[in-house]
Each structure stands twice: as structure tokens, then as C-alpha cells.
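Have a look at query-v7.txt below; it lists compact mmCIF, C-alpha atoms.
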```
# COMPACT_ATOMS: atom_id res chain seq x y z
CA MET A 1 61.28 119.54 131.37
CA TYR A 2 59.32 119.99 128.16
CA SER A 3 56.93 117.17 127.29
CA ALA A 4 58.94 116.63 124.07
CA PHE A 5 61.66 114.99 126.18
CA THR A 6 60.17 111.50 126.19
CA GLU A 7 63.62 109.92 125.93
CA ASN A 8 66.53 110.50 128.26
CA HIS A 9 69.05 110.75 125.40
CA ILE A 10 69.75 114.37 124.45
CA GLY A 11 72.28 116.64 122.79
CA ILE A 12 73.53 119.93 124.20
CA CYS A 13 74.51 123.17 122.48
CA LEU A 14 76.76 125.51 124.46
CA SER A 15 77.16 129.20 123.62
CA GLY A 16 80.24 131.35 124.05
CA GLY A 17 80.61 133.65 127.04
CA VAL A 18 84.24 133.57 128.29
CA VAL A 19 84.42 132.92 132.08
CA ARG A 20 80.68 132.32 132.22
CA GLY A 21 81.42 128.98 130.55
CA ALA A 22 81.58 127.60 134.11
CA ALA A 23 77.77 127.86 134.13
CA HIS A 24 77.70 125.32 131.29
CA ILE A 25 79.46 122.85 133.56
CA GLY A 26 76.79 123.31 136.23
CA VAL A 27 74.04 122.74 133.66
CA ILE A 28 75.68 119.50 132.53
CA GLU A 29 75.95 118.35 136.15
CA GLY A 30 72.25 118.98 136.69
CA LEU A 31 71.24 117.14 133.52
CA LEU A 32 73.34 114.11 134.40
CA GLU A 33 71.95 114.01 137.94
CA LYS A 34 68.44 113.84 136.49
CA GLY A 35 69.40 110.79 134.45
CA PHE A 36 69.86 112.36 131.03
CA LYS A 37 72.40 110.81 128.66
CA ILE A 38 74.27 113.37 126.58
CA ASP A 39 75.01 111.76 123.22
CA ALA A 40 76.28 114.81 121.31
CA VAL A 41 77.70 118.25 122.02
CA SER A 42 78.17 121.37 119.94
CA GLY A 43 79.86 124.48 121.25
CA VAL A 44 81.51 127.73 120.36
CA SER A 45 84.24 129.66 122.17
CA ALA A 46 83.93 128.93 125.91
CA GLY A 47 81.17 126.45 125.07
CA ALA A 48 83.54 124.62 122.72
CA LEU A 49 86.18 124.36 125.45
CA VAL A 50 83.69 122.98 127.98
CA GLY A 51 82.19 120.70 125.34
CA LEU A 52 85.60 119.30 124.44
CA PHE A 53 86.42 118.31 128.00
CA PHE A 54 83.03 116.69 128.48
CA ALA A 55 83.26 114.81 125.17
CA ALA A 56 86.73 113.62 126.22
CA GLY A 57 85.26 111.93 129.28
CA TYR A 58 85.69 114.42 132.13
CA THR A 59 82.94 114.73 134.74
CA PRO A 60 81.55 118.19 135.52
CA ARG A 61 83.26 118.24 138.91
CA GLN A 62 86.58 117.33 137.30
CA MET A 63 86.13 120.12 134.76
CA LEU A 64 85.40 122.66 137.48
CA SER A 65 88.50 121.55 139.38
CA ILE A 66 90.65 121.94 136.26
CA LEU A 67 89.27 125.43 135.60
CA LYS A 68 90.13 126.52 139.12
CA SER A 69 93.62 124.99 139.02
CA ILE A 70 94.81 126.92 135.96
CA ASN A 71 96.54 130.28 136.38
CA TRP A 72 94.68 132.05 133.61
CA PHE A 73 96.86 135.14 133.78
CA LYS A 74 99.85 133.02 132.72
CA THR A 75 98.04 130.96 130.11
CA PHE A 76 98.66 133.18 127.09
CA ASN A 77 101.76 134.54 125.36
CA ILE A 78 102.22 137.57 123.10
CA GLY A 79 100.28 136.91 119.92
CA TYR A 80 100.66 137.51 116.20
CA GLY A 81 97.51 138.92 114.64
CA GLY A 82 96.07 139.46 118.11
CA ILE A 83 97.22 140.73 121.49
CA LEU A 84 97.46 137.23 122.97
CA GLY A 85 98.73 133.96 121.53
CA PHE A 86 97.87 130.34 122.25
CA LYS A 87 101.26 128.60 122.49
CA LYS A 88 100.96 127.96 126.24
CA ALA A 89 97.24 127.22 126.00
CA LYS A 90 97.90 124.53 123.38
CA ASN A 91 100.24 122.73 125.75
CA ILE A 92 97.70 122.91 128.58
CA ILE A 93 94.94 121.36 126.47
CA LYS A 94 97.29 118.64 125.19
CA SER A 95 98.19 117.76 128.78
CA TYR A 96 94.53 117.04 129.59
CA ILE A 97 93.06 115.72 126.33
CA PRO A 98 94.46 112.33 125.25
CA TYR A 99 92.93 112.54 121.76
CA LYS A 100 94.56 114.12 118.73
CA ASN A 101 91.53 114.32 116.42
CA LEU A 102 87.93 115.32 117.07
CA GLU A 103 86.53 112.14 115.56
CA GLU A 104 88.35 110.08 118.21
CA LEU A 105 86.41 111.59 121.11
CA PRO A 106 84.10 109.15 122.97
CA ILE A 107 81.13 111.53 122.58
CA TYR A 108 80.29 113.30 119.33
CA PHE A 109 81.56 116.88 119.44
CA ASN A 110 81.32 119.78 117.02
CA ALA A 111 83.16 123.11 117.38
CA CYS A 112 81.94 126.24 115.61
CA ALA A 113 84.51 128.69 114.24
CA LEU A 114 84.73 131.47 111.66
CA ASP A 115 87.10 130.92 108.74
CA LEU A 116 88.71 134.27 107.91
CA TYR A 117 89.69 133.10 104.43
CA SER A 118 86.23 132.14 103.19
CA GLY A 119 84.28 134.39 105.55
CA LYS A 120 82.04 131.46 106.48
CA ASN A 121 81.21 129.65 109.68
CA VAL A 122 82.64 126.15 109.84
CA TYR A 123 81.41 123.35 112.07
CA LEU A 124 84.30 121.06 112.87
CA ASP A 125 83.90 117.44 113.93
CA LYS A 126 87.06 116.07 112.35
CA GLY A 127 90.72 117.07 112.52
CA ASP A 128 93.10 118.40 115.13
CA VAL A 129 91.41 118.84 118.51
CA VAL A 130 93.57 121.66 119.86
CA SER A 131 93.52 123.84 116.74
CA ALA A 132 89.77 123.46 116.25
CA VAL A 133 88.85 124.41 119.81
CA LEU A 134 91.33 127.26 120.21
CA GLY A 135 90.27 128.60 116.82
CA SER A 136 86.68 128.60 118.09
CA CYS A 137 87.88 130.63 121.13
CA ALA A 138 89.97 133.20 119.23
CA LEU A 139 88.06 136.42 119.88
CA PRO A 140 89.16 139.00 117.26
CA PHE A 141 91.75 141.59 118.32
CA ILE A 142 92.22 139.87 121.68
CA PHE A 143 93.53 136.51 120.39
CA GLU A 144 95.54 135.54 117.35
CA PRO A 145 93.73 133.48 114.68
CA VAL A 146 94.52 129.77 114.51
CA SER A 147 95.56 127.80 111.43
CA PHE A 148 93.48 124.68 110.82
CA GLU A 149 94.05 122.70 107.62
CA ASP A 150 93.48 125.25 104.81
CA MET A 151 91.58 127.68 107.05
CA LEU A 152 92.38 130.52 109.46
CA LEU A 153 90.00 130.32 112.39
CA MET A 154 88.54 132.90 114.76
CA ASP A 155 85.76 132.87 117.34
CA GLY A 156 82.65 131.47 115.65
CA GLY A 157 80.41 133.12 118.20
CA LEU A 158 80.49 136.37 116.26
CA THR A 159 78.20 134.95 113.60
CA ASP A 160 76.76 131.82 115.25
CA ASN A 161 76.89 131.90 119.03
CA LEU A 162 74.31 129.14 119.41
CA PRO A 163 75.46 126.43 116.96
CA VAL A 164 72.48 124.12 117.27
CA ARG A 165 71.95 123.59 113.53
CA PRO A 166 74.78 121.05 112.99
CA LEU A 167 73.37 118.86 115.77
CA LYS A 168 69.83 119.05 114.41
CA GLU A 169 71.06 118.11 110.95
CA LYS A 170 73.25 115.20 112.08
CA PHE A 171 70.88 113.89 114.76
CA PRO A 172 67.36 114.88 113.57
CA HIS A 173 65.60 112.73 116.18
CA LEU A 174 67.72 113.89 119.14
CA LYS A 175 66.27 116.55 121.43
CA ILE A 176 68.69 119.44 121.90
CA VAL A 177 69.12 121.55 125.05
CA CYS A 178 70.63 124.95 124.21
CA VAL A 179 72.42 126.95 126.90
CA ASP A 180 72.79 130.71 126.46
CA ILE A 181 75.28 132.41 128.80
CA ILE A 182 75.23 135.90 127.27
CA PRO A 183 71.65 137.04 127.89
CA PRO A 184 70.79 140.52 126.60
CA VAL A 185 71.75 143.39 128.92
CA TYR A 186 70.69 146.98 128.25
CA ILE A 187 73.01 149.84 129.23
CA ASN A 188 73.00 153.61 128.88
CA GLN A 189 76.64 154.58 129.26
CA ASN A 190 79.87 154.88 127.31
CA LEU A 191 82.04 151.93 128.35
CA GLY A 192 85.34 153.22 126.99
CA VAL A 193 87.52 151.75 124.25
CA PHE A 194 87.69 148.12 125.34
CA GLY A 195 84.26 148.13 126.97
CA ASN A 196 82.65 149.38 123.77
CA LEU A 197 84.62 146.83 121.74
CA PHE A 198 83.34 143.96 123.87
CA ARG A 199 79.85 145.41 123.93
CA SER A 200 79.62 145.67 120.14
CA THR A 201 81.05 142.18 119.73
CA PHE A 202 78.46 140.63 122.01
CA LEU A 203 75.62 142.56 120.40
CA ILE A 204 76.59 140.98 117.08
CA ALA A 205 76.71 137.55 118.73
CA ARG A 206 73.35 138.19 120.41
CA LYS A 207 71.69 138.73 117.02
CA SER A 208 72.92 135.37 115.77
CA MET A 209 71.58 133.65 118.88
CA ASP A 210 68.12 135.13 118.53
CA GLU A 211 68.02 133.75 114.99
CA GLN A 212 68.87 130.21 116.15
CA LYS A 213 66.72 129.89 119.29
CA HIS A 214 63.74 128.46 117.41
CA LEU A 215 65.79 125.37 116.52
CA CYS A 216 66.27 124.41 120.17
CA ASP A 217 64.03 121.82 121.79
CA MET A 218 64.78 123.46 125.11
CA TYR A 219 66.38 126.89 125.40
CA ILE A 220 67.72 128.00 128.77
CA ALA A 221 69.48 131.18 129.82
CA PRO A 222 70.91 130.89 133.35
CA PRO A 223 70.83 134.23 135.25
CA VAL A 224 74.49 135.20 134.76
CA SER A 225 74.13 138.77 133.49
CA HIS A 226 75.29 140.20 136.83
CA THR A 227 78.66 138.45 136.51
CA SER A 228 81.64 139.72 134.53
CA ILE A 229 82.74 137.67 131.53
CA VAL A 230 86.39 137.99 132.65
CA ASP A 231 86.24 137.51 136.44
CA TYR A 232 88.16 134.29 137.02
CA ARG A 233 87.23 134.32 140.72
CA LYS A 234 83.60 133.42 139.94
CA PHE A 235 83.93 129.84 138.68
CA ASP A 236 82.20 128.29 141.72
CA GLU A 237 79.40 130.85 141.69
CA LEU A 238 78.80 130.39 137.97
CA PHE A 239 78.82 126.61 138.28
CA HIS A 240 76.11 126.74 140.95
CA ILE A 241 74.05 129.25 138.96
CA GLY A 242 73.96 126.87 136.00
CA TYR A 243 73.34 123.84 138.21
CA ASN A 244 70.50 125.39 140.22
CA PHE A 245 68.86 126.90 137.15
CA ILE A 246 68.64 123.70 135.13
CA LYS A 247 67.40 121.81 138.19
CA SER A 248 64.63 124.39 138.54
CA GLN A 249 63.61 123.83 134.91
CA ILE A 250 63.33 120.05 135.14
CA GLN A 251 60.02 118.78 136.48
```
For the structure just supplied, provide its representation as C-alpha cells.
Amino acid sequence: MYSAFTENHIGICLSGGVVRGAAHIGVIEGLLEKGFKIDAVSGVSAGALVGLFFAAGYTPRQMLSILKSINWFKTFNIGYGGILGFKKAKNIIKSYIPYKNLEELPIYFNACALDLYSGKNVYLDKGDVVSAVLGSCALPFIFEPVSFEDMLLMDGGLTDNLPVRPLKEKFPHLKIVCVDIIPPVYINQNLGVFGNLFRSTFLIARKSMDEQKHLCDMYIAPPVSHTSIVDYRKFDELFHIGYNFIKSQIQ
């Protein structure tokens, strides 16, 4: 790993990327195996969901098992303000996370979301766990926005898909590993209505990531571009991609 990592205490920043979030779990497993202590986590969208479970005390293997046990096609209901709603998803998270508020988590955790009322990114480390994380995951058009205090939250990855800044500001002496699971992919075809919608969304997110990369003490992008962001059969493969990649980066 970079020579800057003279201490084994680090923070991690986890990008969004839907199903590819399983690669984050593999990265965490590899870091822990090498003796690193993760003192703080920031995440957005899928990265926020993974980060929440880790901050709540789950091991990477436990997280992978939970991912594989959930029937994702029955997780969402009809939404209001989006195609899908989070009523069922809220109950699932509550069944696994024994903490009501973010500040109660054993490990510091920060979820990035976009407040539709103010038009600004918000970085949440206090308040209701479930609303904060699902708000961070609420991809526009696909999912309904989530009420959180006096805000209406949507996926923060649109405007900050690598939320490393809040960790650097709160823990200025902590080295931060940033994990990017939506590496740039170049195409030359019309993807259709939904394909073009997703493509344009991720291009916007990609721009925000390129602007934040310089803040990372270590930036890694596991080779996941060949995998679909919505293929729920690939959790094991994605886990091992993240695990093997971070192990290859640590000397």
C-alpha cells in the first residue's frame, strides 16, 4: 500500500454502484485481513448501505450472506414520486440494524444524499438510520424520495458519488481509502429509454467522482465494468473481485 499508510487505522469511502456494492464488501474483507482498523466510513447509495452494515458491527462474510439471502425482487413496493417504494425495504433494514440513530453506531458513519428542497448535498451522521440510508439510495425516477427531518432525500451519488470530503474534514489525520465501483466505460450504441437514462445518470456521477479523487489517500477501482449493475446473481463474483483487487494493491 502507499507509503503514506504508516498507521493501520484508516477510513473508507464507498461509492454508489447498485449490485456492484458487493465488491465493497470484498475490499473491506481484504483490508481487515491485512490488519487495518477501519475507524470511519462514508458512503453513498450502495456504498451507504454496505457502510451502514459494517458500522453496525457486521463482518464482511455476514454482510455477503445477508445480501444473498434477500429476495431483491420482492423488496420494493409501488412508490410515490418514483416507480418503487421503500416500505418493505425499511422493515428489512430495521430487522438487521439494532440502532435507531446514526450517532449510535459503533463505528463513525456518514451517508451522502441529495436534498431536493435545498438542491444541496447533505452528509448525514446524525438522525434516523433507515431514512438516511434509503434516502442515499433513492435513485431518481426509479425510487421514491425519502423524508428525513426537514429534507426530501434522493441518491447523493448524482452530485457526489465519492463522498470523501466529510471524512477528511472530520478526521484530518486519518488516511482514507476510496473505492470506486463505477469505472468509466465507453460505448458507441443507443441503449434505449432505460439504458440511456441509466447511462446519463452514471455519466453525471462519474464527473463528480473525478473531481473528488485527489482527496483520497488511496484510490482503487476494482475491475467490475464487465458486470451489470442490476444482476443480483453476481454477489459472490463481485465480492471476490473486490477482495482479490485490494489484496493485489497491498504490499
Might you pull out every residue within 9 Å of Gly156 in chain A, with all atoms listed in the file counted and same-chain residues fewer than 4 positions away left off, and present them as a PyMOL selection string?
chain A and resi 16+44-45+111-115+121-123+135-139+160-161+163
From CA of Ala55 in chain A to CA of Leu67 in chain A the spacing works out at 16.1 Å
Between CA of Ile28 in chain A and CA of Asp128 in chain A, what is the distance, to one decimal in Å?
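We find that CA of Ile28 in chain A and CA of Asp128 in chain A lie 24.6 Å from each other.
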Work out how far apart CA of Ile229 in chain A and CA of Asn110 in chain A are and give it in Å to one decimal.
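CA of Asn110 in chain A lies at a distance of 23.1 Å from CA of Ile229 in chain A.
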If we count all atoms listed in the file and set the cut-off at 12 Å, which residues sit around range 205-215 of chain A, ignoring sequence neighbours fewer than 5 positions away in its own chain? Please answer as a ChimeraX atom specification.
/A:13-17,44-45,121,139,155-169,172,174-185,198-200,220-221
If you take every atom of range 11-18 of chain A that the file lists and fit an axis-aligned box around them with 6 Å extra on each side, what centre and edge lengths come out in Å to one decimal, as JSON?
```
{"center_x": 78.3, "center_y": 125.1, "center_z": 125.4, "size_x": 24.0, "size_y": 29.0, "size_z": 17.8}
```
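The smallest atom-to-atom distance between Pro223 in chain A and any of A:Glu7, A:Glu29, A:Glu104, A:Glu237, using only C-alpha atoms, is found for A:Glu237.
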Ranking A:Ile66, A:Ile107, A:Ile25, A:Ile38 by minimum distance to Ile10 in chain A and counting all atoms listed in the file, which one comes first?
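Ranking A:Ile66, A:Ile107, A:Ile25, A:Ile38 by distance to Ile10 in chain A, first place goes to A:Ile38.
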Of the candidates A:Phe109, A:Phe143, A:Phe53, A:Phe235, which shows the shortest atom-to-atom distance to Ile93 in chain A, using only C-alpha atoms?
A:Phe53
Output as a tab-separated table one row per residue of range 141-239 of chain A within 9 Å of range 68-76 of chain A: the closest atom pair and its distance in Å to one decimal place, counting only C-alpha atoms, sorted by chain and residue number ascending.
```
residue	atom	partner	partner_atom	distance
A:Tyr232	CA	A:Trp72	CA	7.7
A:Arg233	CA	A:Lys68	CA	8.5
A:Phe235	CA	A:Lys68	CA	7.0
A:Asp236	CA	A:Lys68	CA	8.5
```
Give the answer as one residue: which of A:Leu152, A:Ala40, A:Val130, A:Ala48 has the shortest atom-to-atom distance to Lys100 in chain A, using all atoms listed in the file?
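Among the listed residues, A:Val130 lies closest to Lys100 in chain A.
Distance check against Ile250 in chain A using only C-alpha atoms: of A:Met63, A:Met218, A:Leu153, A:Leu238, the minimum falls on A:Met218.
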Can you work out which one of A:Ala56, A:Leu64, A:Lys126, A:Leu116 has the shortest atom-to-atom distance to Tyr99 in chain A, counting all atoms listed in the file?
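Among the listed residues, the smallest separation from Tyr99 in chain A belongs to A:Ala56.
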Set the distance at 8 Å and use only C-alpha atoms: which residues neighbour Gly82 in chain A once local chain neighbours fewer than 5 positions away are removed? I'd like the list as a ChimeraX atom specification.
/A:140-145
Repaired coordinates for range 117-151 of chain A (N, CA and C atoms) as a PDB file, keeping the file's coordinate frame:
```pdb
ATOM      1  N   TYR A 117      89.417 133.145 105.866  1.00  0.00           N
ATOM      2  CA  TYR A 117      89.690 133.100 104.430  1.00  0.00           C
ATOM      3  C   TYR A 117      88.410 133.100 103.599  1.00  0.00           C
ATOM      4  N   SER A 118      87.475 132.240 103.963  1.00  0.00           N
ATOM      5  CA  SER A 118      86.230 132.140 103.190  1.00  0.00           C
ATOM      6  C   SER A 118      85.146 133.085 103.691  1.00  0.00           C
ATOM      7  N   GLY A 119      85.300 133.539 104.944  1.00  0.00           N
ATOM      8  CA  GLY A 119      84.280 134.390 105.550  1.00  0.00           C
ATOM      9  C   GLY A 119      83.050 133.620 105.996  1.00  0.00           C
ATOM     10  N   LYS A 120      83.187 132.291 106.118  1.00  0.00           N
ATOM     11  CA  LYS A 120      82.040 131.460 106.480  1.00  0.00           C
ATOM     12  C   LYS A 120      82.252 130.780 107.823  1.00  0.00           C
ATOM     13  N   ASN A 121      81.125 130.483 108.486  1.00  0.00           N
ATOM     14  CA  ASN A 121      81.210 129.650 109.680  1.00  0.00           C
ATOM     15  C   ASN A 121      81.517 128.222 109.271  1.00  0.00           C
ATOM     16  N   VAL A 122      82.346 127.565 110.061  1.00  0.00           N
ATOM     17  CA  VAL A 122      82.640 126.150 109.840  1.00  0.00           C
ATOM     18  C   VAL A 122      82.313 125.403 111.118  1.00  0.00           C
ATOM     19  N   TYR A 123      81.832 124.169 110.945  1.00  0.00           N
ATOM     20  CA  TYR A 123      81.410 123.350 112.070  1.00  0.00           C
ATOM     21  C   TYR A 123      82.264 122.087 112.046  1.00  0.00           C
ATOM     22  N   LEU A 124      83.215 122.027 112.954  1.00  0.00           N
ATOM     23  CA  LEU A 124      84.300 121.060 112.870  1.00  0.00           C
ATOM     24  C   LEU A 124      84.046 119.856 113.765  1.00  0.00           C
ATOM     25  N   ASP A 125      83.998 118.677 113.161  1.00  0.00           N
ATOM     26  CA  ASP A 125      83.900 117.440 113.930  1.00  0.00           C
ATOM     27  C   ASP A 125      84.967 116.436 113.524  1.00  0.00           C
ATOM     28  N   LYS A 126      85.925 116.889 112.738  1.00  0.00           N
ATOM     29  CA  LYS A 126      87.060 116.070 112.350  1.00  0.00           C
ATOM     30  C   LYS A 126      88.307 116.948 112.353  1.00  0.00           C
ATOM     31  N   GLY A 127      89.467 116.331 112.566  1.00  0.00           N
ATOM     32  CA  GLY A 127      90.720 117.070 112.520  1.00  0.00           C
ATOM     33  C   GLY A 127      91.269 117.386 113.897  1.00  0.00           C
ATOM     34  N   ASP A 128      92.336 118.135 113.921  1.00  0.00           N
ATOM     35  CA  ASP A 128      93.100 118.400 115.130  1.00  0.00           C
ATOM     36  C   ASP A 128      92.267 119.052 116.231  1.00  0.00           C
ATOM     37  N   VAL A 129      92.213 118.393 117.370  1.00  0.00           N
ATOM     38  CA  VAL A 129      91.410 118.840 118.510  1.00  0.00           C
ATOM     39  C   VAL A 129      91.809 120.233 118.974  1.00  0.00           C
ATOM     40  N   VAL A 130      93.093 120.418 119.241  1.00  0.00           N
ATOM     41  CA  VAL A 130      93.570 121.660 119.860  1.00  0.00           C
ATOM     42  C   VAL A 130      93.332 122.855 118.944  1.00  0.00           C
ATOM     43  N   SER A 131      93.682 122.720 117.675  1.00  0.00           N
ATOM     44  CA  SER A 131      93.520 123.840 116.740  1.00  0.00           C
ATOM     45  C   SER A 131      92.058 124.206 116.548  1.00  0.00           C
ATOM     46  N   ALA A 132      91.191 123.196 116.457  1.00  0.00           N
ATOM     47  CA  ALA A 132      89.770 123.460 116.250  1.00  0.00           C
ATOM     48  C   ALA A 132      89.171 124.230 117.419  1.00  0.00           C
ATOM     49  N   VAL A 133      89.470 123.789 118.634  1.00  0.00           N
ATOM     50  CA  VAL A 133      88.850 124.410 119.810  1.00  0.00           C
ATOM     51  C   VAL A 133      89.437 125.789 120.083  1.00  0.00           C
ATOM     52  N   LEU A 134      90.753 125.941 119.982  1.00  0.00           N
ATOM     53  CA  LEU A 134      91.330 127.260 120.210  1.00  0.00           C
ATOM     54  C   LEU A 134      90.927 128.232 119.103  1.00  0.00           C
ATOM     55  N   GLY A 135      90.775 127.743 117.883  1.00  0.00           N
ATOM     56  CA  GLY A 135      90.270 128.600 116.820  1.00  0.00           C
ATOM     57  C   GLY A 135      88.873 129.101 117.135  1.00  0.00           C
ATOM     58  N   SER A 136      88.038 128.220 117.703  1.00  0.00           N
ATOM     59  CA  SER A 136      86.680 128.600 118.090  1.00  0.00           C
ATOM     60  C   SER A 136      86.688 129.657 119.196  1.00  0.00           C
ATOM     61  N   CYS A 137      87.772 129.702 119.996  1.00  0.00           N
ATOM     62  CA  CYS A 137      87.880 130.630 121.130  1.00  0.00           C
ATOM     63  C   CYS A 137      88.577 131.948 120.786  1.00  0.00           C
ATOM     64  N   ALA A 138      89.090 132.080 119.567  1.00  0.00           N
ATOM     65  CA  ALA A 138      89.970 133.200 119.230  1.00  0.00           C
ATOM     66  C   ALA A 138      89.193 134.482 118.947  1.00  0.00           C
ATOM     67  N   LEU A 139      88.805 135.162 120.006  1.00  0.00           N
ATOM     68  CA  LEU A 139      88.060 136.420 119.880  1.00  0.00           C
ATOM     69  C   LEU A 139      88.906 137.448 119.127  1.00  0.00           C
ATOM     70  N   PRO A 140      88.378 138.057 118.070  1.00  0.00           N
ATOM     71  CA  PRO A 140      89.160 139.000 117.260  1.00  0.00           C
ATOM     72  C   PRO A 140      89.771 140.115 118.100  1.00  0.00           C
ATOM     73  N   PHE A 141      90.965 140.534 117.686  1.00  0.00           N
ATOM     74  CA  PHE A 141      91.750 141.590 118.320  1.00  0.00           C
ATOM     75  C   PHE A 141      92.406 141.102 119.597  1.00  0.00           C
ATOM     76  N   ILE A 142      91.671 140.358 120.415  1.00  0.00           N
ATOM     77  CA  ILE A 142      92.220 139.870 121.680  1.00  0.00           C
ATOM     78  C   ILE A 142      93.168 138.695 121.440  1.00  0.00           C
ATOM     79  N   PHE A 143      92.733 137.709 120.633  1.00  0.00           N
ATOM     80  CA  PHE A 143      93.530 136.510 120.390  1.00  0.00           C
ATOM     81  C   PHE A 143      93.951 136.403 118.932  1.00  0.00           C
ATOM     82  N   GLU A 144      95.092 135.787 118.711  1.00  0.00           N
ATOM     83  CA  GLU A 144      95.540 135.540 117.350  1.00  0.00           C
ATOM     84  C   GLU A 144      94.687 134.459 116.703  1.00  0.00           C
ATOM     85  N   PRO A 145      94.459 134.538 115.374  1.00  0.00           N
ATOM     86  CA  PRO A 145      93.730 133.480 114.680  1.00  0.00           C
ATOM     87  C   PRO A 145      94.556 132.195 114.658  1.00  0.00           C
ATOM     88  N   VAL A 146      93.881 131.082 114.430  1.00  0.00           N
ATOM     89  CA  VAL A 146      94.520 129.770 114.510  1.00  0.00           C
ATOM     90  C   VAL A 146      94.431 129.053 113.167  1.00  0.00           C
ATOM     91  N   SER A 147      95.546 128.563 112.679  1.00  0.00           N
ATOM     92  CA  SER A 147      95.560 127.800 111.430  1.00  0.00           C
ATOM     93  C   SER A 147      94.965 126.416 111.666  1.00  0.00           C
ATOM     94  N   PHE A 148      94.102 126.002 110.752  1.00  0.00           N
ATOM     95  CA  PHE A 148      93.480 124.680 110.820  1.00  0.00           C
ATOM     96  C   PHE A 148      93.292 124.198 109.387  1.00  0.00           C
ATOM     97  N   GLU A 149      94.077 123.207 108.991  1.00  0.00           N
ATOM     98  CA  GLU A 149      94.050 122.700 107.620  1.00  0.00           C
ATOM     99  C   GLU A 149      94.251 123.869 106.651  1.00  0.00           C
ATOM    100  N   ASP A 150      93.306 124.139 105.758  1.00  0.00           N
ATOM    101  CA  ASP A 150      93.480 125.250 104.810  1.00  0.00           C
ATOM    102  C   ASP A 150      92.669 126.475 105.235  1.00  0.00           C
ATOM    103  N   MET A 151      92.392 126.582 106.528  1.00  0.00           N
ATOM    104  CA  MET A 151      91.580 127.680 107.050  1.00  0.00           C
ATOM    105  C   MET A 151      92.353 128.484 108.088  1.00  0.00           C
TER     106      MET A 151
END
```
